[in-house]
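Enquirer: To be precise about what I am sending: the file is called coords03.cif and holds mmCIF, C-alpha atoms.
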```cif
data_input
loop_
_atom_site.label_atom_id
_atom_site.label_comp_id
_atom_site.auth_asym_id
_atom_site.auth_seq_id
_atom_site.Cartn_x
_atom_site.Cartn_y
_atom_site.Cartn_z
CA MET A 9 -5.61 -63.39 92.24
CA SER A 10 -5.17 -64.96 88.85
CA LEU A 11 -7.05 -63.71 85.83
CA VAL A 12 -5.74 -65.85 83.01
CA THR A 13 -7.17 -64.90 79.68
CA GLY A 14 -4.59 -65.80 77.03
CA PRO A 15 -5.05 -68.56 74.53
CA VAL A 16 -4.29 -71.97 75.98
CA ASP A 17 -1.64 -72.64 73.34
CA ALA A 18 0.32 -69.55 74.31
CA ARG A 19 0.19 -70.38 78.01
CA ARG A 20 1.40 -73.90 77.55
CA THR A 21 4.44 -73.11 75.45
CA ASN A 22 7.77 -72.19 76.95
CA THR A 23 9.15 -68.80 77.77
CA LEU A 24 10.59 -67.13 74.70
CA ILE A 25 11.94 -63.88 76.08
CA GLU A 26 12.60 -62.84 79.60
CA ALA A 27 13.96 -60.00 81.72
CA ARG A 28 15.47 -60.97 85.07
CA ASP A 29 16.08 -58.39 87.75
CA VAL A 30 16.89 -55.74 85.15
CA GLU A 31 18.15 -52.34 86.22
CA TYR A 32 18.73 -49.46 83.85
CA ASN A 33 19.71 -45.89 84.71
CA PHE A 34 19.81 -42.84 82.49
CA GLY A 35 22.73 -41.11 84.20
CA ALA A 36 21.65 -40.65 87.80
CA THR A 37 18.00 -41.31 86.99
CA PRO A 38 16.83 -44.89 87.49
CA ALA A 39 14.36 -46.11 84.84
CA LEU A 40 14.21 -49.81 85.74
CA ARG A 41 14.89 -51.04 89.28
CA GLY A 42 14.84 -54.80 89.20
CA ALA A 43 12.27 -55.49 86.47
CA ASN A 44 11.17 -59.07 85.88
CA VAL A 45 8.94 -60.23 83.05
CA SER A 46 8.57 -63.51 81.22
CA ILE A 47 6.83 -63.81 77.85
CA ARG A 48 5.70 -67.05 76.27
CA ALA A 49 6.15 -67.90 72.59
CA GLY A 50 3.10 -66.78 70.63
CA GLU A 51 1.86 -64.58 73.44
CA ILE A 52 0.74 -60.98 72.97
CA LEU A 53 1.73 -59.05 76.07
CA ALA A 54 0.68 -55.47 76.79
CA VAL A 55 3.14 -53.43 78.83
CA MET A 56 1.28 -50.57 80.49
CA GLY A 57 2.15 -47.86 82.96
CA PRO A 58 2.21 -44.12 83.45
CA SER A 59 4.49 -41.83 81.49
CA GLY A 60 8.07 -42.16 82.65
CA SER A 61 7.42 -45.45 84.45
CA GLY A 62 10.06 -47.29 82.41
CA LYS A 63 7.87 -49.25 79.97
CA SER A 64 9.69 -48.13 76.82
CA THR A 65 13.04 -48.69 78.53
CA LEU A 66 11.93 -52.23 79.33
CA LEU A 67 11.03 -52.78 75.67
CA HIS A 68 14.40 -51.40 74.55
CA CYS A 69 16.22 -53.70 76.99
CA LEU A 70 14.24 -56.76 75.87
CA ALA A 71 14.95 -55.87 72.24
CA GLY A 72 18.69 -55.51 72.76
CA ILE A 73 18.64 -51.80 71.91
CA LEU A 74 19.74 -50.90 75.44
CA VAL A 75 22.02 -53.02 77.58
CA PRO A 76 20.94 -53.12 81.24
CA GLN A 77 23.52 -52.17 83.84
CA HIS A 78 22.33 -55.07 86.00
CA GLY A 79 20.29 -58.21 85.40
CA GLU A 80 19.81 -60.48 82.40
CA ILE A 81 17.85 -60.59 79.16
CA LEU A 82 17.26 -64.08 77.80
CA LEU A 83 15.96 -65.18 74.42
CA SER A 84 15.06 -68.87 74.27
CA GLY A 85 17.01 -69.33 77.49
CA GLN A 86 20.18 -67.71 76.15
CA ARG A 87 21.55 -64.45 77.52
CA ILE A 88 21.60 -61.74 74.87
CA ASP A 89 22.53 -58.74 77.02
CA THR A 90 26.13 -59.95 77.04
CA TYR A 91 26.32 -60.01 73.24
CA PRO A 92 28.56 -57.39 71.62
CA GLU A 93 26.77 -54.65 69.66
CA ASN A 94 27.30 -56.26 66.24
CA LYS A 95 25.74 -59.52 67.43
CA ARG A 96 22.82 -57.71 69.05
CA SER A 97 22.35 -55.74 65.85
CA GLU A 98 22.24 -58.99 63.89
CA LEU A 99 19.72 -60.37 66.36
CA ARG A 100 17.52 -57.30 65.97
CA ARG A 101 17.58 -57.76 62.19
CA ASN A 102 16.96 -61.51 62.21
CA ALA A 103 14.81 -62.26 65.20
CA PHE A 104 13.00 -59.03 66.04
CA GLY A 105 10.61 -56.67 64.29
CA PHE A 106 9.73 -53.15 65.38
CA VAL A 107 6.81 -50.75 65.08
CA PHE A 108 6.98 -47.35 66.72
CA GLN A 109 4.45 -44.59 67.42
CA PHE A 110 5.42 -42.69 64.30
CA GLY A 111 6.04 -45.11 61.43
CA GLN A 112 9.61 -43.87 61.05
CA LEU A 113 9.67 -44.83 57.41
CA VAL A 114 12.70 -43.83 55.36
CA PRO A 115 11.34 -40.84 53.39
CA GLU A 116 13.61 -41.34 50.39
CA LEU A 117 12.36 -44.91 49.82
CA THR A 118 9.03 -46.04 48.39
CA ALA A 119 6.60 -47.88 50.64
CA GLU A 120 7.58 -51.26 49.19
CA GLU A 121 11.28 -50.49 49.57
CA ASN A 122 10.63 -49.58 53.20
CA VAL A 123 8.88 -52.90 53.78
CA ALA A 124 11.64 -54.79 51.98
CA LEU A 125 14.36 -53.06 54.01
CA PRO A 126 14.87 -55.75 56.69
CA LEU A 127 15.15 -58.40 53.95
CA LEU A 128 17.61 -56.29 51.93
CA LEU A 129 19.71 -55.68 55.05
CA ASP A 130 19.70 -59.40 55.61
CA GLY A 131 21.24 -59.91 52.17
CA LEU A 132 18.21 -61.03 50.15
CA ARG A 133 18.28 -60.14 46.45
CA ARG A 134 16.32 -56.99 45.63
CA ASN A 135 13.71 -58.65 43.39
CA GLU A 136 12.98 -61.37 45.89
CA ALA A 137 12.84 -58.91 48.78
CA LEU A 138 10.43 -56.62 46.92
CA GLY A 139 8.30 -59.61 45.91
CA ARG A 140 7.95 -60.70 49.52
CA ALA A 141 7.27 -57.13 50.60
CA ARG A 142 4.43 -56.79 48.07
CA GLU A 143 2.61 -59.79 49.57
CA TRP A 144 2.15 -57.73 52.75
CA PHE A 145 0.46 -54.86 50.96
CA GLN A 146 -2.41 -57.16 50.04
CA ARG A 147 -2.45 -58.75 53.47
CA LEU A 148 -2.73 -55.42 55.28
CA GLY A 149 -5.16 -53.86 52.81
CA ILE A 150 -2.74 -51.25 51.43
CA ASP A 151 -2.24 -52.65 47.92
CA GLY A 152 -1.89 -49.88 45.38
CA LEU A 153 0.37 -47.84 47.69
CA GLU A 154 3.58 -49.75 46.96
CA GLY A 155 5.19 -46.95 44.94
CA ARG A 156 4.34 -44.06 47.25
CA ARG A 157 6.78 -42.34 49.56
CA SER A 158 6.00 -41.68 53.22
CA GLY A 159 5.00 -38.07 52.54
CA GLU A 160 2.26 -39.34 50.24
CA LEU A 161 0.71 -41.68 52.83
CA SER A 162 -1.88 -40.94 55.52
CA GLY A 163 -0.96 -41.69 59.13
CA GLY A 164 -2.90 -44.96 59.09
CA GLN A 165 -1.41 -46.04 55.77
CA ALA A 166 2.12 -45.22 56.95
CA GLN A 167 1.57 -47.20 60.13
CA ARG A 168 0.37 -50.23 58.15
CA VAL A 169 3.49 -49.96 55.97
CA ALA A 170 5.55 -49.83 59.18
CA LEU A 171 3.69 -52.88 60.46
CA ALA A 172 4.43 -54.74 57.23
CA ARG A 173 8.11 -53.80 57.62
CA GLY A 174 8.06 -55.10 61.20
CA LEU A 175 6.60 -58.44 60.17
CA VAL A 176 8.07 -59.08 56.71
CA ALA A 177 11.06 -61.09 57.96
CA HIS A 178 8.81 -63.27 60.16
CA PRO A 179 10.44 -62.19 63.42
CA LYS A 180 10.21 -64.25 66.57
CA VAL A 181 9.20 -61.15 68.48
CA LEU A 182 7.49 -57.99 67.31
CA PHE A 183 8.14 -55.00 69.57
CA ALA A 184 5.44 -52.38 69.20
CA ASP A 185 5.87 -49.11 71.11
CA GLU A 186 2.60 -47.12 71.17
CA PRO A 187 1.81 -48.29 67.62
CA THR A 188 -1.51 -46.44 67.54
CA GLY A 189 -0.38 -43.40 69.51
CA SER A 190 -0.47 -41.04 66.53
CA LEU A 191 -3.71 -42.39 64.99
CA ASP A 192 -7.38 -41.58 65.47
CA THR A 193 -9.48 -44.17 67.32
CA LEU A 194 -10.93 -45.95 64.31
CA THR A 195 -7.64 -46.10 62.38
CA GLY A 196 -5.83 -47.23 65.51
CA GLU A 197 -8.34 -50.03 65.89
CA LEU A 198 -7.78 -51.15 62.31
CA VAL A 199 -4.00 -51.20 62.82
CA MET A 200 -4.38 -53.23 66.03
CA GLU A 201 -6.76 -55.64 64.35
CA LEU A 202 -4.24 -56.20 61.54
CA LEU A 203 -1.34 -56.50 63.97
CA VAL A 204 -3.08 -59.08 66.14
CA THR A 205 -4.42 -61.09 63.20
CA ALA A 206 -1.03 -61.23 61.47
CA ALA A 207 0.79 -62.09 64.70
CA ARG A 208 -1.64 -64.90 65.50
CA GLU A 209 -1.48 -66.32 61.97
CA ASP A 210 2.33 -66.35 62.03
CA GLY A 211 2.69 -67.31 65.71
CA THR A 212 4.67 -64.12 66.36
CA THR A 213 5.21 -63.10 69.96
CA VAL A 214 4.29 -59.45 70.51
CA VAL A 215 5.47 -57.04 73.20
CA LEU A 216 3.07 -54.12 72.99
CA VAL A 217 3.84 -50.97 74.95
CA THR A 218 0.76 -48.80 75.36
CA HIS A 219 -0.90 -46.50 77.83
CA GLU A 220 -4.29 -46.99 76.18
CA PRO A 221 -6.52 -49.64 77.80
CA ARG A 222 -8.43 -50.20 74.55
CA VAL A 223 -5.17 -51.10 72.81
CA ALA A 224 -4.04 -53.29 75.71
CA ALA A 225 -7.34 -55.16 75.46
CA TYR A 226 -6.08 -56.74 72.22
CA ALA A 227 -3.34 -58.51 74.18
CA ASP A 228 -3.57 -61.86 75.96
CA ARG A 229 -2.50 -60.30 79.25
CA GLU A 230 -0.97 -57.14 80.60
CA VAL A 231 1.77 -56.15 82.99
CA VAL A 232 2.09 -52.73 84.58
CA VAL A 233 5.42 -50.97 84.94
CA ARG A 234 5.41 -48.71 87.96
CA ASP A 235 8.49 -46.90 89.26
CA GLY A 236 10.76 -49.24 87.34
CA HIS A 237 9.17 -52.45 88.62
CA VAL A 238 6.88 -54.81 86.72
CA SER A 239 3.72 -56.05 88.35
CA SER A 240 1.31 -58.59 86.93
CA LEU A 241 -2.06 -59.84 88.11
CA THR A 242 -2.37 -62.24 85.22
CA ASP A 243 0.30 -64.79 85.98
CA ASP A 244 0.39 -67.81 83.79
CA PRO A 245 -0.24 -71.20 85.37
CA PRO A 246 2.78 -73.48 85.70
CA ASP A 247 3.67 -75.62 82.74
CA PRO A 248 1.80 -78.94 82.67
CA MET B 8 -22.91 -48.53 97.72
CA SER B 9 -23.38 -50.94 100.62
CA VAL B 10 -24.12 -49.17 103.89
CA PRO B 11 -23.83 -52.33 106.07
CA LEU B 12 -20.42 -53.28 104.65
CA THR B 13 -19.12 -49.74 104.93
CA LEU B 14 -20.24 -49.56 108.58
CA LEU B 15 -18.51 -52.91 109.18
CA GLY B 16 -15.32 -51.41 107.72
CA LEU B 17 -15.57 -48.37 110.00
CA LEU B 18 -16.14 -50.67 112.97
CA GLU B 19 -13.11 -52.76 112.11
CA ARG B 20 -11.03 -49.66 112.76
CA GLU B 21 -12.37 -49.37 116.32
CA PRO B 22 -15.57 -49.97 118.29
CA SER B 23 -17.83 -46.94 117.81
CA HIS B 24 -21.12 -45.34 118.72
CA GLY B 25 -23.77 -44.90 116.05
CA TYR B 26 -23.11 -41.16 116.08
CA ASP B 27 -19.40 -41.64 115.29
CA LEU B 28 -20.27 -44.01 112.47
CA LYS B 29 -22.69 -41.52 110.94
CA ARG B 30 -20.14 -38.70 111.18
CA ASP B 31 -17.38 -40.72 109.47
CA TYR B 32 -19.75 -42.14 106.88
CA ASP B 33 -20.99 -38.66 105.95
CA THR B 34 -17.43 -37.28 105.83
CA PHE B 35 -16.12 -39.84 103.38
CA PHE B 36 -18.99 -41.64 101.68
CA GLY B 37 -22.18 -39.62 102.08
CA ARG B 38 -21.13 -36.16 100.98
CA SER B 39 -24.11 -35.70 98.67
CA LYS B 40 -26.45 -37.94 100.64
CA PRO B 41 -25.88 -38.03 104.40
CA LEU B 42 -26.94 -41.18 106.21
CA PRO B 43 -30.10 -40.69 108.35
CA PHE B 44 -29.66 -41.65 112.01
CA GLY B 45 -32.60 -44.02 111.67
CA GLN B 46 -30.79 -45.97 108.96
CA VAL B 47 -27.61 -46.17 111.04
CA TYR B 48 -29.40 -47.77 113.99
CA ALA B 49 -31.59 -50.00 111.82
CA THR B 50 -28.47 -51.25 110.00
CA LEU B 51 -26.62 -51.84 113.28
CA ALA B 52 -29.64 -53.75 114.62
CA ARG B 53 -29.65 -56.01 111.54
CA LEU B 54 -25.90 -56.54 111.73
CA SER B 55 -26.26 -57.38 115.40
CA ARG B 56 -29.11 -59.81 114.69
CA ASP B 57 -26.91 -61.52 112.04
CA GLY B 58 -23.97 -61.83 114.44
CA LYS B 59 -21.72 -59.40 112.58
CA VAL B 60 -21.53 -56.71 115.23
CA LEU B 61 -21.83 -56.83 118.99
CA PRO B 62 -23.55 -54.04 120.96
CA GLY B 63 -21.80 -53.18 124.20
CA ASP B 64 -23.54 -52.46 127.47
CA THR B 65 -25.66 -49.35 127.66
CA GLU B 66 -23.46 -46.55 128.91
CA PRO B 67 -24.79 -44.02 131.43
CA GLY B 68 -25.82 -40.64 130.06
CA ASP B 69 -28.45 -38.82 128.05
CA GLY B 70 -29.66 -39.49 124.52
CA PRO B 71 -30.26 -42.68 122.57
CA ASP B 72 -26.67 -43.23 121.47
CA ARG B 73 -25.36 -45.02 124.51
CA LYS B 74 -24.09 -48.30 123.04
CA ARG B 75 -20.68 -48.85 121.55
CA TYR B 76 -20.69 -51.43 118.77
CA SER B 77 -17.77 -53.70 117.87
CA ILE B 78 -17.24 -55.99 114.91
CA THR B 79 -17.37 -59.80 115.39
CA PRO B 80 -15.12 -62.39 113.63
CA ASN B 81 -18.07 -63.11 111.29
CA GLY B 82 -18.39 -59.45 110.46
CA LYS B 83 -14.64 -59.16 109.85
CA GLN B 84 -14.71 -62.12 107.51
CA GLU B 85 -17.56 -60.67 105.46
CA PHE B 86 -15.87 -57.28 105.25
CA GLU B 87 -12.51 -58.77 104.23
CA ALA B 88 -14.11 -60.81 101.45
CA TRP B 89 -15.95 -57.74 100.13
CA LEU B 90 -12.89 -55.49 100.30
CA GLY B 91 -10.66 -57.88 98.35
CA GLU B 92 -13.05 -58.70 95.52
CA PRO B 93 -13.16 -56.62 92.35
CA ILE B 94 -16.50 -55.06 91.54
CA GLU B 95 -18.33 -56.28 88.45
CA PRO B 96 -16.77 -54.14 85.71
CA GLU B 97 -19.51 -51.86 84.55
CA PRO B 98 -19.85 -48.11 84.25
CA HIS B 99 -20.29 -45.85 87.26
CA LEU B 100 -18.66 -48.07 89.86
CA GLN B 101 -16.49 -45.31 91.24
CA THR B 102 -18.52 -44.81 94.43
CA VAL B 103 -18.04 -48.37 95.63
CA LEU B 104 -14.43 -48.55 94.55
CA PHE B 105 -13.81 -45.19 96.18
CA ALA B 106 -15.24 -46.57 99.43
CA LYS B 107 -12.94 -49.59 99.22
CA VAL B 108 -9.89 -47.42 98.60
CA VAL B 109 -10.69 -45.10 101.52
CA LEU B 110 -11.46 -47.99 103.88
CA ALA B 111 -8.25 -49.75 102.85
CA LEU B 112 -6.23 -46.62 103.64
CA MET B 113 -8.12 -46.13 106.91
CA LEU B 114 -7.35 -49.68 108.00
CA GLY B 115 -3.71 -49.65 106.88
CA ARG B 116 -4.25 -52.09 104.00
CA SER B 117 -2.83 -51.81 100.50
CA ALA B 118 -5.21 -49.61 98.53
CA GLN B 119 -2.92 -50.07 95.54
CA LYS B 120 -3.62 -53.79 95.64
CA TYR B 121 -7.38 -53.23 95.41
CA LEU B 122 -6.93 -50.83 92.54
CA ASP B 123 -4.70 -53.37 90.76
CA VAL B 124 -7.27 -56.14 91.22
CA GLN B 125 -9.99 -53.89 89.84
CA ARG B 126 -7.75 -52.83 86.96
CA ALA B 127 -7.16 -56.45 86.00
CA ALA B 128 -10.89 -57.22 86.17
CA HIS B 129 -11.63 -54.23 83.96
CA LEU B 130 -9.04 -55.20 81.39
CA GLN B 131 -10.30 -58.74 81.33
CA ARG B 132 -13.80 -57.47 80.56
CA MET B 133 -12.34 -55.17 77.89
CA ARG B 134 -10.55 -58.15 76.31
CA GLN B 135 -13.85 -60.03 76.18
CA LEU B 136 -15.58 -57.10 74.49
CA THR B 137 -12.67 -56.63 72.06
CA GLU B 138 -12.78 -60.29 71.10
CA LYS B 139 -16.55 -60.00 70.65
CA LYS B 140 -16.04 -57.08 68.28
CA ARG B 141 -13.83 -59.20 66.08
CA ASN B 142 -16.62 -61.67 65.41
CA ASP B 143 -19.85 -59.69 65.60
CA ASN B 144 -21.92 -57.57 63.26
CA LEU B 145 -21.76 -53.80 63.28
CA ILE B 146 -24.65 -53.34 65.72
CA ASP B 147 -22.94 -55.53 68.31
CA VAL B 148 -19.63 -53.83 67.56
CA LEU B 149 -21.17 -50.45 68.36
CA LEU B 150 -22.64 -51.79 71.61
CA ALA B 151 -19.28 -53.29 72.56
CA ASP B 152 -17.64 -49.92 71.76
CA HIS B 153 -20.02 -48.22 74.17
CA GLY B 154 -19.00 -50.62 76.94
CA LEU B 155 -15.31 -50.31 76.09
CA PHE B 156 -15.28 -46.51 76.24
CA HIS B 157 -17.04 -46.51 79.62
CA LEU B 158 -14.70 -49.12 81.03
CA GLU B 159 -11.80 -47.08 79.75
CA ALA B 160 -13.14 -44.03 81.58
CA ASP B 161 -13.26 -46.10 84.79
CA LEU B 162 -9.69 -47.23 84.21
CA ARG B 163 -8.52 -43.66 83.81
CA TRP B 164 -10.12 -42.90 87.19
CA ILE B 165 -8.40 -45.96 88.69
CA ASP B 166 -5.02 -44.82 87.33
CA MET B 167 -5.56 -41.26 88.50
CA THR B 168 -6.56 -42.45 91.97
CA ALA B 169 -3.50 -44.72 92.13
CA ALA B 170 -1.33 -41.71 91.35
CA ARG B 171 -3.04 -39.74 94.13
CA LEU B 172 -2.93 -42.44 96.83
CA PRO B 173 -0.23 -40.77 98.97
CA LEU B 174 -2.26 -37.52 99.11
CA LEU B 175 -5.49 -39.38 99.79
CA ALA B 176 -3.80 -41.32 102.61
CA GLU B 177 -2.91 -37.99 104.25
CA VAL B 178 -6.51 -36.76 103.98
CA VAL B 179 -7.92 -40.00 105.41
CA ALA B 180 -5.37 -39.99 108.26
CA SER B 181 -6.32 -36.42 109.20
#
```
So, in terms of structure tokens, how does the structure I just supplied come out?

Expert:
Amino acid sequence: MSLVTGPVDARRTNTLIEARDVEYNFGATPALRGANVSIRAGEILAVMGPSGSGKSTLLHCLAGILVPQHGEILLSGQRIDTYPENKRSELRRNAFGFVFQFGQLVPELTAEENVALPLLLDGLRRNEALGRAREWFQRLGIDGLEGRRSGELSGGQAQRVALARGLVAHPKVLFADEPTGSLDTLTGELVMELLVTAAREDGTTVVLVTHEPRVAAYADREVVVRDGHVSSLTDDPPDP
Amino acid sequence: MSVPLTLLGLLEREPSHGYDLKRDYDTFFGRSKPLPFGQVYATLARLSRDGKVLPGDTEPGDGPDRKRYSITPNGKQEFEAWLGEPIEPEPHLQTVLFAKVVLALMLGRSAQKYLDVQRAAHLQRMRQLTEKKRNDNLIDVLLADHGLFHLEADLRWIDMTAARLPLLAEVVAS
């Protein structure tokens, strides 16, 4: 059965990031047992599955945070799992953005400094980095909060700051792990709406880990991780 | 809930008398509403007329239930098509989906596959409603929300049932 629902543009572009036969074990406990997934450029993919199924581990492997013990991770056709840590770290800064369940903002920094962080780490001058960060406050409807620290933000505001930080460097891929998990329904919906709108406008590929069907419904398609394997009923058609 | 299709599924397992069909139907699918004998025989007569089941010869003995019915290739085809298709995603579909899961387990098919197909159909409908919310006015947004929350409840049932398949298979086998 094929239930293809993604935008035509996303389906017709090439694979951007891919896991091939990936295995990952935490000690003696297997988390991924030959996981395969292929994500097109510009696509928003929801990764679903029960707790402990391996969905976050899959995200961490795709993002170069974890190195699989077997299998390959490819970005634009190039293996990245064989990169040394410093090169993977550089890749995470330059090509990837991240949003986690709890914003994980740096409490000592202001909201705008948090958003500017990826640009500062990439060597951009402070004024320019802060200027680019401020543009996102308007875009995500949080202007006026630039000078606040994380303790002075509501959960929804903090998550929008985290989203701005994830997108400020225009990553190729945004990895979002339960980005609405700590928010109430309405605030979570607002964050998802902003995430999807920004990703579509910038052509950012999104890997969205969630156990919530209403969050997954924002994606173009979903895969389910079950016992360390990835299953999909929404396979893309072959390239024209 | 389709009585004719469920009876076809029970007959695919093995040729049966009307009494056996009623007993198994009531055990698994008619717990709150047992199937009257009259409906069993009327349904079998219609299925026989339509070439989906075949009544055997009348067996010697007392009582009316002296024919053993078997499923025909036509009947099998209709049952297979029904079993593999997702149900229209709308609230309160659990009874039909439950019947499909139990019949799949009874017949040694992949119940997980049917649950996955239904899951995908549900999520596709949820994507449509989510997209609709992005463009509609507040009234339509609220209506879409109502649909989304009900579909989500169905999905939770689907996930829970998937997690309980091994236990359910034991119950069905016994």

Enquirer: Check the smallest atom-to-atom distance from each of B:Val103, B:Met113, B:Ala88, B:Leu14 to Tyr76 of chain B using only C-alpha atoms, then report the winner.

Expert: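 For Tyr76 of chain B, the nearest of the given residues is B:Leu14.
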
Enquirer: Name the closest residue to Phe104 of chain A among the candidates A:Ala177, A:Ala27, A:Ile88, A:Leu191; distances are taken between atoms, counting all atoms listed in the file.

Expert: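 Residue with the minimum atom-to-atom distance to Phe104 of chain A: A:Ala177.
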
Enquirer: I'd like the residues picked by the PyMOL selection byres ((chain A) within 7 of (chain B)) written out as a list in words, using the chain letters and numbers from the file.

Expert: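 The output of the PyMOL selection byres ((chain A) within 7 of (chain B)) on this file is Pro221, Arg222, Ala225, Tyr226 and Leu241 of chain A.
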
Enquirer: Please enumerate the residues selected by the PyMOL selection byres ((chain A and resi 67) around 8) when evaluated against the supplied file, formatted as a list in words.

Expert: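 Output of the PyMOL selection byres ((chain A and resi 67) around 8): Lys63, Ser64, Thr65, Leu66, His68, Cys69, Leu70, Ala71, Phe183, Asp185, Val215 and Val217 of chain A.
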
Enquirer: Skipping near chain neighbours, those fewer than 6 positions away, what residues fall within 12 Å of Ala111 of chain B using only C-alpha atoms, listed as a list of chain:residue names?

Expert: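 The contact residues come out as B:Thr13, B:Gly16, B:Leu17, B:Glu19, B:Arg20, B:Phe86, B:Glu87, B:Trp89, B:Leu90, B:Gly91, B:Leu104, B:Phe105, B:Ser117, B:Ala118, B:Gln119, B:Lys120, B:Tyr121, B:Leu122, B:Leu172, B:Leu175, B:Ala176, B:Val179, B:Ala180.
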